file coords19.txt (compact mmCIF, C-alpha atoms)
# COMPACT_ATOMS: atom_id res chain seq x y z
CA MET A 13 -3.17 17.36 -12.26
CA THR A 14 -4.54 15.68 -9.15
CA ALA A 15 -5.15 11.98 -8.65
CA TYR A 16 -8.75 10.95 -8.01
CA TYR A 17 -10.67 7.69 -7.94
CA VAL A 18 -14.08 7.00 -9.41
CA ARG A 19 -15.77 4.39 -7.23
CA VAL A 20 -18.49 2.16 -8.67
CA ASP A 21 -20.49 -0.56 -6.94
CA ASN A 22 -20.87 -3.03 -9.81
CA GLY A 23 -18.11 -4.76 -11.74
CA ARG A 24 -20.20 -4.75 -14.95
CA HIS A 25 -19.81 -0.99 -15.15
CA VAL A 26 -16.01 -0.92 -14.97
CA LYS A 27 -15.25 -1.51 -18.66
CA PRO A 28 -17.71 1.04 -20.14
CA LEU A 29 -16.59 3.61 -17.56
CA LYS A 30 -12.93 3.03 -18.42
CA THR A 31 -13.73 3.48 -22.12
CA LEU A 32 -15.42 6.82 -21.43
CA LEU A 33 -12.56 8.01 -19.19
CA GLU A 34 -9.99 7.17 -21.86
CA LYS A 35 -12.08 9.00 -24.48
CA GLU A 36 -12.20 12.08 -22.22
CA GLY A 37 -8.43 11.84 -21.62
CA VAL A 38 -8.68 11.62 -17.83
CA PHE A 39 -7.95 7.92 -17.20
CA ASN A 40 -4.78 7.57 -15.09
CA HIS A 41 -2.73 4.89 -16.88
CA LYS A 42 -0.04 4.95 -14.18
CA LEU A 43 -2.34 3.24 -11.69
CA LYS A 44 -4.39 0.07 -11.82
CA ILE A 45 -8.11 -0.34 -11.40
CA THR A 46 -8.51 -1.67 -7.87
CA LYS A 47 -11.08 -4.05 -6.44
CA LEU A 48 -12.16 -2.68 -3.06
CA GLY A 49 -14.61 -5.40 -2.15
CA PRO A 50 -16.79 -8.14 -3.63
CA SER A 51 -18.61 -5.62 -5.90
CA ASN A 52 -16.77 -2.35 -5.38
CA TYR A 53 -14.09 -0.93 -7.70
CA ALA A 54 -11.92 2.20 -7.82
CA ILE A 55 -10.94 3.57 -11.26
CA PRO A 56 -7.99 6.02 -11.24
CA VAL A 57 -8.41 9.39 -12.99
CA LEU A 58 -6.48 12.67 -13.25
CA LEU A 59 -8.38 15.95 -12.90
CA ASP A 60 -7.19 19.55 -12.84
CA ASP A 61 -8.04 21.15 -9.49
CA ASN A 62 -6.91 24.53 -10.81
CA LYS A 63 -9.79 24.64 -13.28
CA THR A 64 -12.84 25.93 -11.49
CA GLY A 65 -15.64 23.38 -11.40
CA GLU A 66 -13.78 20.64 -13.31
CA VAL A 67 -14.51 17.96 -10.71
CA GLU A 68 -18.21 18.86 -10.55
CA SER A 69 -18.40 19.08 -14.34
CA PHE A 70 -16.84 15.63 -14.62
CA LYS A 71 -19.29 14.23 -12.09
CA ARG A 72 -22.25 15.65 -14.09
CA LEU A 73 -20.86 14.01 -17.23
CA LEU A 74 -20.77 10.59 -15.55
CA ILE A 75 -24.32 10.98 -14.25
CA LYS A 76 -25.54 12.00 -17.70
CA VAL A 77 -23.87 9.10 -19.55
CA PHE A 78 -24.54 6.50 -16.83
CA PRO A 79 -27.72 7.63 -15.02
CA ASP A 80 -28.30 4.20 -13.45
CA ILE A 81 -24.82 3.89 -11.90
CA LYS A 82 -24.04 5.02 -8.36
CA VAL A 83 -20.78 6.94 -8.79
CA CYS A 84 -18.52 8.44 -6.12
CA ILE A 85 -15.48 10.62 -6.93
CA GLU A 86 -12.79 10.85 -4.23
CA LYS A 87 -9.37 12.41 -4.06
CA SER A 88 -6.61 9.82 -3.83
CA GLU A 89 -4.16 9.73 -0.94
CA GLU A 90 -0.76 11.11 -1.90
CA VAL A 91 2.60 11.13 -0.17
CA ASN A 92 5.11 13.78 -1.29
CA GLY A 93 3.27 14.10 -4.59
CA HIS A 94 3.45 10.37 -5.34
CA GLU A 95 0.68 7.83 -5.04
CA LYS A 96 1.28 5.46 -2.14
CA THR A 97 2.32 2.09 -3.52
CA ILE A 98 0.99 0.11 -0.57
CA GLY A 99 -2.39 0.51 1.07
CA THR A 100 -3.61 3.19 -1.35
CA SER A 101 -6.71 1.39 -2.59
CA LEU A 102 -7.65 0.44 0.97
CA ALA A 103 -7.18 4.09 1.90
CA VAL A 104 -9.64 5.09 -0.83
CA ALA A 105 -12.25 2.67 0.49
CA MET A 106 -11.60 3.69 4.10
CA ARG A 107 -11.90 7.40 3.27
CA GLY A 108 -15.35 6.74 1.86
CA LEU A 109 -16.34 4.91 5.05
CA PHE A 110 -15.00 7.71 7.24
CA THR A 111 -17.17 10.15 5.26
CA SER A 112 -20.26 8.00 5.86
CA LEU A 113 -19.39 7.90 9.58
CA GLY A 114 -19.31 11.69 9.66
CA VAL A 115 -15.56 12.06 10.18
CA GLY A 116 -14.91 15.49 8.70
CA ASP A 117 -11.54 16.35 10.25
CA GLU A 118 -9.19 16.06 7.25
CA VAL A 119 -6.07 16.09 9.44
CA LEU A 120 -7.44 13.19 11.50
CA VAL A 121 -8.44 11.26 8.38
CA SER A 122 -4.96 11.66 6.90
CA GLN A 123 -3.34 10.44 10.14
CA LEU A 124 -5.62 7.41 10.24
CA LEU A 125 -5.01 6.49 6.60
CA VAL A 126 -1.22 6.68 6.99
CA ASP A 127 -1.42 3.93 9.64
CA LEU A 128 -3.58 1.48 7.68
CA PRO A 129 -2.24 -2.09 7.50
CA ARG A 130 0.37 -2.57 4.81
CA ARG A 131 1.31 -6.18 5.61
CA TYR A 132 -0.91 -9.10 6.47
CA SER A 133 -1.25 -12.87 6.48
CA ILE A 134 -4.28 -14.76 5.22
CA TYR A 135 -5.18 -18.03 6.88
CA PRO A 136 -8.74 -18.59 5.60
CA PRO A 137 -11.08 -17.45 6.90
CA LEU A 138 -8.74 -15.39 9.14
CA LEU A 139 -7.02 -12.14 8.21
CA LEU A 140 -4.07 -11.73 10.59
CA LEU A 141 -2.48 -8.29 10.85
CA PRO A 142 1.08 -7.81 12.16
CA VAL A 143 1.95 -6.53 15.61
CA ASN A 144 1.30 -2.80 16.22
CA THR A 145 -1.23 -2.54 13.37
CA LEU A 146 -4.03 -0.04 14.15
CA ASP A 147 -2.27 0.44 17.48
CA SER A 148 -1.14 4.07 17.22
CA GLU A 149 -2.38 6.69 19.66
CA VAL A 150 -4.52 8.22 16.91
CA TRP A 151 -6.20 4.92 16.03
CA ASN A 152 -6.73 3.89 19.66
CA LYS A 153 -8.42 7.20 20.48
CA PHE A 154 -10.47 7.11 17.27
CA LEU A 155 -11.75 3.56 17.80
CA ALA A 156 -12.50 4.23 21.47
CA ASN A 157 -14.87 7.03 20.46
CA LEU A 158 -16.82 4.85 18.03
CA SER A 159 -19.75 2.61 18.84
CA LEU A 160 -19.34 -1.15 18.45
CA PRO A 161 -21.38 -1.18 15.20
CA GLN A 162 -19.18 1.60 13.80
CA ARG A 163 -15.97 -0.22 14.73
CA ASN A 164 -17.33 -3.36 13.12
CA GLN A 165 -17.99 -1.42 9.91
CA ILE A 166 -14.29 -0.57 9.74
CA PHE A 167 -13.20 -4.13 10.46
CA ARG A 168 -15.67 -5.57 7.94
CA LEU A 169 -14.35 -3.20 5.28
CA ILE A 170 -10.79 -4.44 5.88
CA LEU A 171 -11.98 -8.06 5.63
CA GLU A 172 -13.95 -7.40 2.44
CA PHE A 173 -10.99 -5.59 0.91
CA TYR A 174 -8.69 -8.60 1.27
CA SER A 175 -11.35 -11.23 0.51
CA THR A 176 -11.47 -12.94 -2.88
CA ASN A 177 -14.04 -15.01 -4.70
CA THR A 178 -12.39 -18.17 -3.37
CA ASN A 179 -11.48 -16.91 0.13
CA ALA A 180 -14.19 -15.02 1.99
CA LEU A 181 -12.50 -13.70 5.14
CA THR A 182 -14.72 -13.55 8.23
CA HIS A 183 -12.36 -13.06 11.19
CA LEU A 184 -9.83 -10.31 11.96
CA ALA A 185 -7.04 -10.35 14.54
CA ILE A 186 -3.70 -8.74 15.32
CA ASN A 187 -0.71 -10.95 15.95
CA LYS A 188 1.36 -10.46 19.08
CA PRO A 189 4.66 -12.12 20.06
CA ILE A 190 4.47 -15.36 22.03
CA PRO A 191 6.16 -14.84 25.43
CA GLU A 192 9.22 -17.00 25.91
CA SER A 193 8.65 -17.64 29.62
CA ASP A 194 5.82 -19.47 31.39
CA ASN A 195 4.28 -20.66 28.15
CA VAL A 196 5.34 -24.26 27.70
CA ILE A 197 2.44 -25.09 25.39
CA ARG A 198 3.37 -22.20 23.06
CA SER A 199 -0.14 -20.73 22.93
CA PRO A 200 -0.65 -17.25 21.43
CA THR A 201 -1.80 -15.63 24.68
CA GLN A 202 -1.42 -12.11 23.33
CA LEU A 203 -3.44 -12.49 20.13
CA THR A 204 -5.80 -9.50 19.83
CA THR A 205 -9.12 -10.43 18.23
CA LEU A 206 -10.95 -7.60 16.47
CA TYR A 207 -13.87 -9.10 14.58
CA GLY A 208 -15.65 -12.44 14.45
CA ASP A 209 -16.54 -15.13 16.97
CA PHE A 210 -13.31 -16.90 17.91
CA ASN A 211 -14.97 -19.57 20.05
CA ASN A 212 -14.24 -22.92 18.42
CA PHE A 213 -12.82 -21.05 15.42
CA TRP A 214 -10.43 -22.88 13.07
CA CYS A 215 -8.32 -21.43 10.29
CA HIS A 216 -6.01 -23.16 7.83
CA VAL A 217 -3.20 -22.81 5.33
CA VAL A 218 -1.74 -24.98 2.59
CA GLN A 219 2.06 -25.08 2.39
CA ASN A 220 4.01 -27.35 0.07
CA GLY A 221 0.71 -28.97 -0.83
CA ILE A 222 0.03 -29.87 2.83
CA TYR A 223 -3.16 -28.73 4.59
CA GLN A 224 -2.62 -27.47 8.16
CA THR A 225 -5.31 -26.24 10.53
CA TRP A 226 -5.36 -24.72 14.02
CA MET A 227 -7.31 -22.61 16.51
CA PRO A 228 -5.50 -19.25 16.49
CA THR A 229 -6.56 -18.34 20.02
CA TYR A 230 -5.07 -21.54 21.45
CA THR A 231 -2.29 -22.58 19.11
CA MET A 232 0.65 -20.83 17.52
CA PHE A 233 1.57 -20.95 13.84
CA SER A 234 4.73 -19.70 12.15
CA ARG A 235 4.77 -19.42 8.38
CA GLY A 236 8.56 -18.94 8.56
CA ASN A 237 8.99 -22.69 9.14
CA ILE A 238 8.06 -23.41 5.52
CA LYS A 239 11.75 -23.55 4.59
CA GLU A 240 12.41 -26.36 7.06
CA LYS A 241 9.26 -28.20 6.00
CA ALA A 242 10.53 -28.13 2.42
CA ARG A 243 13.87 -29.55 3.57
CA ILE A 244 12.11 -32.54 5.10
CA LEU A 245 10.27 -33.14 1.84
CA THR A 246 13.32 -32.89 -0.40
CA SER A 247 16.59 -33.66 1.35
CA TYR A 248 16.22 -35.79 4.48
CA GLU A 249 17.46 -39.38 4.16
CA ASP A 250 15.79 -42.68 5.11
CA ILE A 251 12.19 -41.51 5.25
CA ASP A 252 10.31 -44.47 3.81
CA HIS A 253 7.92 -47.33 4.54
CA ASN A 254 10.62 -49.21 6.47
CA HIS A 255 11.40 -46.44 8.95
CA ASP A 256 9.58 -44.55 11.70
CA VAL A 257 9.93 -40.97 12.92
CA VAL A 258 9.57 -39.52 16.41
CA ASP A 259 8.42 -35.91 16.76
CA MET A 260 8.96 -34.84 20.36
CA TYR A 261 7.10 -31.51 19.99
CA ALA A 262 4.49 -32.18 17.32
CA GLY A 263 2.20 -29.16 17.68
CA ILE A 264 -0.39 -29.08 14.90
CA GLY A 265 1.96 -31.11 12.72
CA TYR A 266 4.37 -28.38 11.63
CA PHE A 267 6.92 -31.05 10.70
CA THR A 268 4.98 -34.26 11.37
CA LEU A 269 2.81 -33.75 8.30
CA SER A 270 5.88 -33.28 6.09
CA TYR A 271 7.38 -36.56 7.30
CA LEU A 272 4.08 -38.29 6.56
CA LYS A 273 3.85 -36.81 3.09
CA ARG A 274 7.44 -37.86 2.44
CA GLY A 275 6.47 -41.47 3.14
CA ALA A 276 7.51 -42.34 6.70
CA ARG A 277 5.96 -45.59 7.88
CA ARG A 278 4.67 -44.22 11.17
CA LEU A 279 4.96 -41.03 13.23
CA TYR A 280 5.15 -41.21 17.01
CA CYS A 281 4.25 -37.77 18.34
CA TRP A 282 4.26 -36.08 21.73
CA GLU A 283 2.23 -32.94 22.37
CA ILE A 284 0.79 -31.46 25.58
CA ASN A 285 -1.54 -28.82 24.08
CA PRO A 286 -4.90 -30.57 23.47
CA TYR A 287 -5.90 -27.97 20.88
CA SER A 288 -2.73 -28.69 18.92
CA VAL A 289 -3.46 -32.41 19.14
CA GLU A 290 -6.88 -31.82 17.59
CA GLY A 291 -5.29 -29.71 14.84
CA LEU A 292 -2.73 -32.41 14.10
CA SER A 293 -5.42 -35.09 13.98
CA ARG A 294 -7.51 -33.00 11.58
CA GLY A 295 -4.47 -32.32 9.41
CA VAL A 296 -3.57 -35.99 9.10
CA THR A 297 -7.15 -36.84 8.17
CA LYS A 298 -7.61 -33.95 5.72
CA ASN A 299 -4.40 -34.86 3.89
CA ASN A 300 -5.42 -38.55 3.71
CA PHE A 301 -2.21 -39.61 5.43
CA GLY A 302 -3.81 -42.53 7.26
CA ASN A 303 -5.38 -43.35 10.61
CA VAL A 304 -4.71 -41.41 13.81
CA TYR A 305 -4.46 -43.03 17.25
CA ILE A 306 -4.57 -40.62 20.21
CA VAL A 307 -3.34 -41.80 23.62
CA LYS A 308 -4.13 -39.58 26.60
CA LYS A 309 -1.98 -39.20 29.70
CA ASN A 310 -2.25 -42.20 32.05
CA GLU A 311 -4.16 -44.13 29.37
CA LYS A 312 -2.80 -47.52 28.40
CA VAL A 313 -1.44 -47.69 24.86
CA ASP A 314 -2.67 -50.57 22.69
CA LEU A 315 -0.20 -52.19 20.28
CA LYS A 316 -2.93 -53.37 17.91
CA GLN A 317 -4.22 -49.82 17.51
CA VAL A 318 -0.67 -48.53 17.05
CA ASN A 319 -0.11 -51.02 14.23
CA GLY A 320 -3.34 -49.87 12.59
CA ALA A 321 -2.40 -46.19 12.69
CA ARG A 322 -0.02 -44.04 10.67
CA CYS A 323 0.18 -41.29 13.29
CA VAL A 324 0.27 -42.06 17.02
CA ILE A 325 -0.16 -39.02 19.28
CA PHE A 326 0.63 -39.13 23.00
CA VAL A 327 -1.05 -36.25 24.85
CA GLU A 328 1.60 -35.95 27.54
CA SER A 329 5.15 -34.83 28.20
CA ASN A 330 7.79 -36.52 26.05
CA GLU A 331 9.62 -37.55 29.23
CA TYR A 332 7.38 -40.64 29.14
CA CYS A 333 8.49 -41.73 25.67
CA LEU A 334 10.78 -44.55 26.84
CA GLU A 335 8.09 -45.89 29.14
CA ARG A 336 5.54 -45.86 26.30
CA PHE A 337 7.77 -47.84 23.97
CA ARG A 338 8.46 -50.36 26.76
CA GLU A 339 4.69 -50.77 27.15
CA LEU A 340 4.37 -51.54 23.46
CA LYS A 341 7.29 -53.95 23.44
CA LEU A 342 5.77 -55.95 26.30
CA GLN A 343 2.54 -56.42 24.32
CA ALA A 344 4.29 -58.01 21.34
CA THR A 345 3.36 -61.59 20.48
CA SER A 346 3.95 -63.91 17.57
CA SER A 347 0.77 -62.60 15.95
CA VAL A 348 1.01 -58.93 17.02
CA ARG A 349 4.43 -57.57 16.14
CA PHE A 350 6.17 -54.56 17.60
CA ASP A 351 8.25 -53.37 14.66
CA LEU A 352 10.09 -50.13 15.41
CA SER A 353 12.99 -48.68 13.43
CA ILE A 354 13.49 -44.97 14.09
CA SER A 355 15.38 -43.05 11.42
CA HIS A 356 14.65 -39.48 12.55
CA VAL A 357 13.93 -37.69 15.81
CA ASN A 358 12.60 -34.15 15.43
CA LEU A 359 13.15 -31.70 18.29
CA GLY A 360 11.21 -28.64 17.17
CA LEU A 361 10.80 -26.63 20.38
CA LEU A 362 12.01 -23.04 20.70
CA PRO A 363 13.92 -21.43 22.28
CA THR A 364 15.55 -24.75 23.17
CA SER A 365 14.82 -28.48 23.10
CA LYS A 366 17.67 -29.49 25.43
CA PRO A 367 15.41 -31.21 28.03
CA SER A 368 14.52 -33.90 25.48
CA TRP A 369 18.08 -34.62 24.31
CA PRO A 370 18.65 -37.47 26.84
CA TYR A 371 15.38 -39.24 25.91
CA SER A 372 16.13 -38.87 22.21
CA CYS A 373 19.56 -40.45 22.49
CA GLN A 374 18.26 -43.30 24.64
CA LEU A 375 15.46 -43.95 22.15
CA LEU A 376 17.92 -44.23 19.29
CA ASP A 377 20.24 -46.46 21.32
CA LEU A 378 17.32 -48.86 21.84
CA TYR A 379 15.20 -48.53 18.71
CA GLY A 380 17.23 -46.60 16.17
CA ALA A 381 18.04 -47.81 12.68
CA GLU A 382 21.65 -48.46 11.71
CA THR A 383 21.95 -44.81 10.73
CA THR A 384 19.68 -42.28 12.41
CA TRP A 385 19.26 -38.53 12.64
CA ILE A 386 18.45 -35.99 15.33
CA HIS A 387 17.26 -32.56 14.19
CA VAL A 388 17.78 -30.00 16.95
CA HIS A 389 15.86 -26.71 16.74
CA GLU A 390 17.33 -23.86 18.76
CA ASN A 391 17.41 -20.09 19.05
CA ILE A 392 21.05 -19.03 19.19
CA GLY A 393 22.92 -15.76 19.10
CA ILE A 394 24.96 -14.80 16.07
CA LEU A 395 28.21 -15.14 18.03
CA ASP A 396 27.41 -18.79 18.83
CA LEU A 397 26.65 -19.91 15.27
CA ASP A 398 30.16 -21.14 14.46
CA ASN A 399 30.45 -23.34 17.55
CA PHE A 400 26.91 -24.64 17.86
CA LEU A 401 27.31 -27.88 15.89
CA GLN A 402 30.47 -28.99 17.66
CA ASN A 403 29.20 -28.08 21.13
CA ALA A 404 25.82 -29.77 20.62
CA SER A 405 27.46 -32.81 19.05
CA ALA A 406 29.70 -33.26 22.09
CA LYS A 407 26.70 -33.07 24.44
CA LEU A 408 24.71 -35.57 22.37
CA GLN A 409 27.68 -37.92 22.24
CA GLY A 410 27.84 -37.86 26.03
CA LEU A 411 24.21 -38.99 26.12
CA SER A 412 24.50 -41.84 23.61
CA GLU A 413 26.07 -45.20 24.43
CA GLU A 414 25.44 -47.08 21.20
CA LYS A 415 25.90 -44.44 18.50
CA ARG A 416 28.65 -42.27 17.11
CA VAL A 417 27.38 -38.70 16.74
CA GLU A 418 28.47 -36.71 13.69
CA PRO A 419 27.59 -33.02 13.21
CA ILE A 420 26.48 -32.65 9.59
CA TRP A 421 24.71 -29.37 8.87
CA LEU A 422 23.47 -26.15 10.45
CA GLU A 423 20.39 -24.73 8.74
CA LYS A 424 19.46 -21.10 9.41
CA VAL A 425 15.67 -21.16 9.24
CA LYS A 426 14.93 -17.51 9.99
CA THR A 427 15.96 -14.53 12.06
CA PHE A 428 14.06 -14.74 15.33
CA ALA A 429 15.20 -11.39 16.76
CA PRO A 430 18.11 -9.00 16.19
CA ASP A 431 21.25 -11.16 16.09
CA VAL A 432 19.26 -14.28 17.09
CA TYR A 433 18.65 -17.12 14.63
CA HIS A 434 16.23 -20.01 14.61
CA VAL A 435 18.51 -22.82 13.47
CA VAL A 436 18.25 -26.56 12.95
CA GLY A 437 21.28 -28.69 13.65
CA ASP A 438 21.39 -32.00 11.76
CA PHE A 439 23.26 -34.77 13.60
CA LYS A 440 23.87 -38.23 12.15
CA LEU A 441 24.04 -41.09 14.65
CA VAL A 442 25.74 -44.25 13.39
CA SER A 443 25.80 -47.55 15.28
CA LEU A 444 29.15 -48.37 16.87
call {"tool": "encode", "arguments": {"input": "coords19.txt", "output": "structure tokens"}}
result
Amino acid sequence: MTAYYVRVDNGRHVKPLKTLLEKEGVFNHKLKITKLGPSNYAIPVLLDDNKTGEVESFKRLLIKVFPDIKVCIEKSEEVNGHEKTIGTSLAVAMRGLFTSLGVGDEVLVSQLLVDLPRRYSIYPPLLLLPVNTLDSEVWNKFLANLSLPQRNQIFRLILEFYSTNTNALTHLAINKPIPESDNVIRSPTQLTTLYGDFNNFWCHVVQNGIYQTWMPTYTMFSRGNIKEKARILTSYEDIDHNHDVVDMYAGIGYFTLSYLKRGARRLYCWEINPYSVEGLSRGVTKNNFGNVYIVKKNEKVDLKQVNGARCVIFVESNEYCLERFRELKLQATSSVRFDLSISHVNLGLLPTSKPSWPYSCQLLDLYGAETTWIHVHENIGILDLDNFLQNASAKLQGLSEEKRVEPIWLEKVKTFAPDVYHVVGDFKLVSL
């Protein structure tokens, strides 16, 4: 028996068709009925290719019983005699499109279908495919020989396939690694856009109940940080209405938004990518976390506006953080208070945040609570894991004059590369 799919273009016809197929004994119970698009379904059947004319006879039966239904019967993709567990239903839909495009070379079609995307990330309305997707020699040559409208048909089919009633996907791109050098604002310079207008395009995701938004052509996003975001929400100490948090590399609010949700009184953020600043501002507003006050480089900061905001964003290098807090302190009066008690400093830059260690320690010496924390993000090799906490603690201690630095915990967030970990070192700083 050979695996086939019956494709129909209206969901209302699926149930009566399934009933008929079961009655005829050809419904394939080992596979699920698959939704190929908003109104396109594939119903799995088993037919005997060895019986002359069985497929055509079956097709005539469907037309006779359902004369008003547009029906298409297609052979399913198989690998070593077994139905592919990933990408199969997309392969069925893509095979139909290839047929309509006049692609008759069965060897070419099989090579193309083998390389269809099997992993993806959805950030509505963006479908983001992993690196090297559709990037084989066969696919590159195939796409190069198509017209733009034909290529767009393929990309639209992929988008429709992964769309749902609640998430209509409109933009398609392939993710590429962010270069480690010469990219201080951590922008995704190698993102490959395939379909959709990416000018002023915003996508979003909700993690841990927190809405985050960004422009994928100008700002990076890593879903792997969700573990660290959850740690902020559940285990960090002294995040409350009496304490403030400093995020030296705020981005779109990867960690800032978690501190705000947890209940920090105020977030002081530094970020040099203006697109990230806009994303952070939108995120704070969308989550109803309070007012945002944005201070541009060389712009005077106003203490009254700081006191009226929950999130203060400085669009400049964090090397100016001490100067900014001195500005605020000088504006304090009996009626306009400067109340600052920092309980956490977040250093979330990869591959290293070492340049901001001196400023962080000086900040906590001057404005830290009795007990404070520094959270150091770093990419480190597997051989350095055991010594990282002690070595970093010694360096931080050399930078702090008013606090005793205690190494507390090393959190392995994710594997960044072979034998390289993204870690977060938690250091408690206690007043001497």
call {"tool": "closest_residue", "arguments": {"input": "coords19.txt", "among": "A:Val313, A:Leu395, A:Ile306, A:Val357", "to": "Lys341 of chain A", "atoms": "only C-alpha atoms"}}
result
A:Val313
call {"tool": "residues_around", "arguments": {"input": "coords19.txt", "residues": "Asn152 of chain A", "least_positions_apart": "5", "cutoff": "12 Å", "atoms": "only C-alpha atoms", "output": "ChimeraX atom specification"}}
result
/A:124,127,144-147,157-158,163
call {"tool": "residues_near_point", "arguments": {"input": "coords19.txt", "point": "(-7.2, 14.0, 10.9)", "cutoff": "12 Å", "atoms": "only C-alpha atoms", "output": "PyMOL selection string"}}
result
chain A and resi 107+110+115-127+150-151+153-154
call {"tool": "atom_distance", "arguments": {"input": "coords19.txt", "atom1": "atom CA of Leu272 of chain A", "atom2": "atom CA of Thr384 of chain A"}}
result
17.1 Å
call {"tool": "closest_residue", "arguments": {"input": "coords19.txt", "among": "A:Glu149, A:Glu290, A:Glu414, A:Glu283", "to": "Val442 of chain A", "atoms": "only C-alpha atoms"}}
result
A:Glu414
call {"tool": "atom_distance", "arguments": {"input": "coords19.txt", "atom1": "atom CA of Lys42 of chain A", "atom2": "atom CA of Ala54 of chain A"}}
result
13.8 Å
call {"tool": "residues_near_point", "arguments": {"input": "coords19.txt", "point": "(2.0, -34.4, 0.8)", "cutoff": "6 Å", "atoms": "all atoms listed in the file", "output": "list in words"}}
result
Gly221, Ile222 and Lys273 of chain A
call {"tool": "residues_around", "arguments": {"input": "coords19.txt", "residues": "Cys333 of chain A", "least_positions_apart": "3", "cutoff": "9 Å", "atoms": "only C-alpha atoms", "output": "VMD selection string"}}
result
chain A and resid 260 282 326 329 to 330 336 to 338 371 to 372 375
call {"tool": "residues_around", "arguments": {"input": "coords19.txt", "residues": "Val38 of chain A", "least_positions_apart": "3", "cutoff": "10 Å", "atoms": "all atoms listed in the file", "output": "ChimeraX atom specification"}}
result
/A:13,15-16,30,32-35,41,56-60,70
call {"tool": "atom_distance", "arguments": {"input": "coords19.txt", "atom1": "atom CA of Asp259 of chain A", "atom2": "atom CA of Asn358 of chain A"}}
result
4.7 Å
call {"tool": "residues_around", "arguments": {"input": "coords19.txt", "residues": "Lys415 of chain A", "least_positions_apart": "5", "cutoff": "8 Å", "atoms": "all atoms listed in the file", "output": "PyMOL selection string"}}
result
chain A and resi 377+409+441-444
call {"tool": "closest_residue", "arguments": {"input": "coords19.txt", "among": "A:Leu362, A:Ala429, A:Val324, A:Val18", "to": "Asn237 of chain A", "atoms": "all atoms listed in the file"}}
result
A:Leu362
call {"tool": "closest_residue", "arguments": {"input": "coords19.txt", "among": "A:Thr364, A:Arg294, A:Tyr132, A:Leu401", "to": "Arg235 of chain A", "atoms": "all atoms listed in the file"}}
result
A:Tyr132
call {"tool": "closest_residue", "arguments": {"input": "coords19.txt", "among": "A:Ile55, A:Ile392, A:Leu408, A:Leu422", "to": "Gln374 of chain A", "atoms": "all atoms listed in the file"}}
result
A:Leu408
call {"tool": "axis_aligned_box", "arguments": {"input": "coords19.txt", "around": "segment 386-394 of chain A", "padding_each_side": "6 Å", "output": "AutoDock Vina command-line options"}}
result
--center_x 20.4 --center_y -25.4 --center_z 16.7 --size_x 21.1 --size_y 33.2 --size_z 17.0
call {"tool": "closest_residue", "arguments": {"input": "coords19.txt", "among": "A:Ile45, A:Val435, A:Leu334, A:Ala321", "to": "Thr297 of chain A", "atoms": "all atoms listed in the file"}}
result
A:Ala321
call {"tool": "build_atoms", "arguments": {"input": "coords19.txt", "residues": "segment 375-386 of chain A", "atoms": "N, CA and C atoms", "output": "PDB file, keeping the file's coordinate frame"}}
result
ATOM      1  N   LEU A 375      16.368 -43.326  23.124  1.00  0.00           N
ATOM      2  CA  LEU A 375      15.460 -43.950  22.150  1.00  0.00           C
ATOM      3  C   LEU A 375      16.229 -44.534  20.983  1.00  0.00           C
ATOM      4  N   LEU A 376      17.172 -43.766  20.460  1.00  0.00           N
ATOM      5  CA  LEU A 376      17.920 -44.230  19.290  1.00  0.00           C
ATOM      6  C   LEU A 376      18.890 -45.340  19.655  1.00  0.00           C
ATOM      7  N   ASP A 377      19.408 -45.332  20.876  1.00  0.00           N
ATOM      8  CA  ASP A 377      20.240 -46.460  21.320  1.00  0.00           C
ATOM      9  C   ASP A 377      19.430 -47.753  21.313  1.00  0.00           C
ATOM     10  N   LEU A 378      18.162 -47.663  21.714  1.00  0.00           N
ATOM     11  CA  LEU A 378      17.320 -48.860  21.840  1.00  0.00           C
ATOM     12  C   LEU A 378      16.599 -49.236  20.555  1.00  0.00           C
ATOM     13  N   TYR A 379      16.099 -48.238  19.828  1.00  0.00           N
ATOM     14  CA  TYR A 379      15.200 -48.530  18.710  1.00  0.00           C
ATOM     15  C   TYR A 379      15.615 -47.860  17.403  1.00  0.00           C
ATOM     16  N   GLY A 380      16.798 -47.299  17.366  1.00  0.00           N
ATOM     17  CA  GLY A 380      17.230 -46.600  16.170  1.00  0.00           C
ATOM     18  C   GLY A 380      17.661 -47.536  15.060  1.00  0.00           C
ATOM     19  N   ALA A 381      17.517 -47.067  13.825  1.00  0.00           N
ATOM     20  CA  ALA A 381      18.040 -47.810  12.680  1.00  0.00           C
ATOM     21  C   ALA A 381      19.565 -47.766  12.713  1.00  0.00           C
ATOM     22  N   GLU A 382      20.189 -48.437  11.759  1.00  0.00           N
ATOM     23  CA  GLU A 382      21.650 -48.460  11.710  1.00  0.00           C
ATOM     24  C   GLU A 382      22.216 -47.039  11.646  1.00  0.00           C
ATOM     25  N   THR A 383      21.598 -46.226  10.821  1.00  0.00           N
ATOM     26  CA  THR A 383      21.950 -44.810  10.730  1.00  0.00           C
ATOM     27  C   THR A 383      20.701 -43.987  11.044  1.00  0.00           C
ATOM     28  N   THR A 384      20.827 -43.082  11.991  1.00  0.00           N
ATOM     29  CA  THR A 384      19.680 -42.280  12.410  1.00  0.00           C
ATOM     30  C   THR A 384      20.065 -40.804  12.458  1.00  0.00           C
ATOM     31  N   TRP A 385      19.036 -39.972  12.631  1.00  0.00           N
ATOM     32  CA  TRP A 385      19.260 -38.530  12.640  1.00  0.00           C
ATOM     33  C   TRP A 385      18.495 -37.875  13.784  1.00  0.00           C
ATOM     34  N   ILE A 386      19.127 -36.881  14.394  1.00  0.00           N
ATOM     35  CA  ILE A 386      18.450 -35.990  15.330  1.00  0.00           C
ATOM     36  C   ILE A 386      18.500 -34.582  14.754  1.00  0.00           C
TER      37      ILE A 386
END
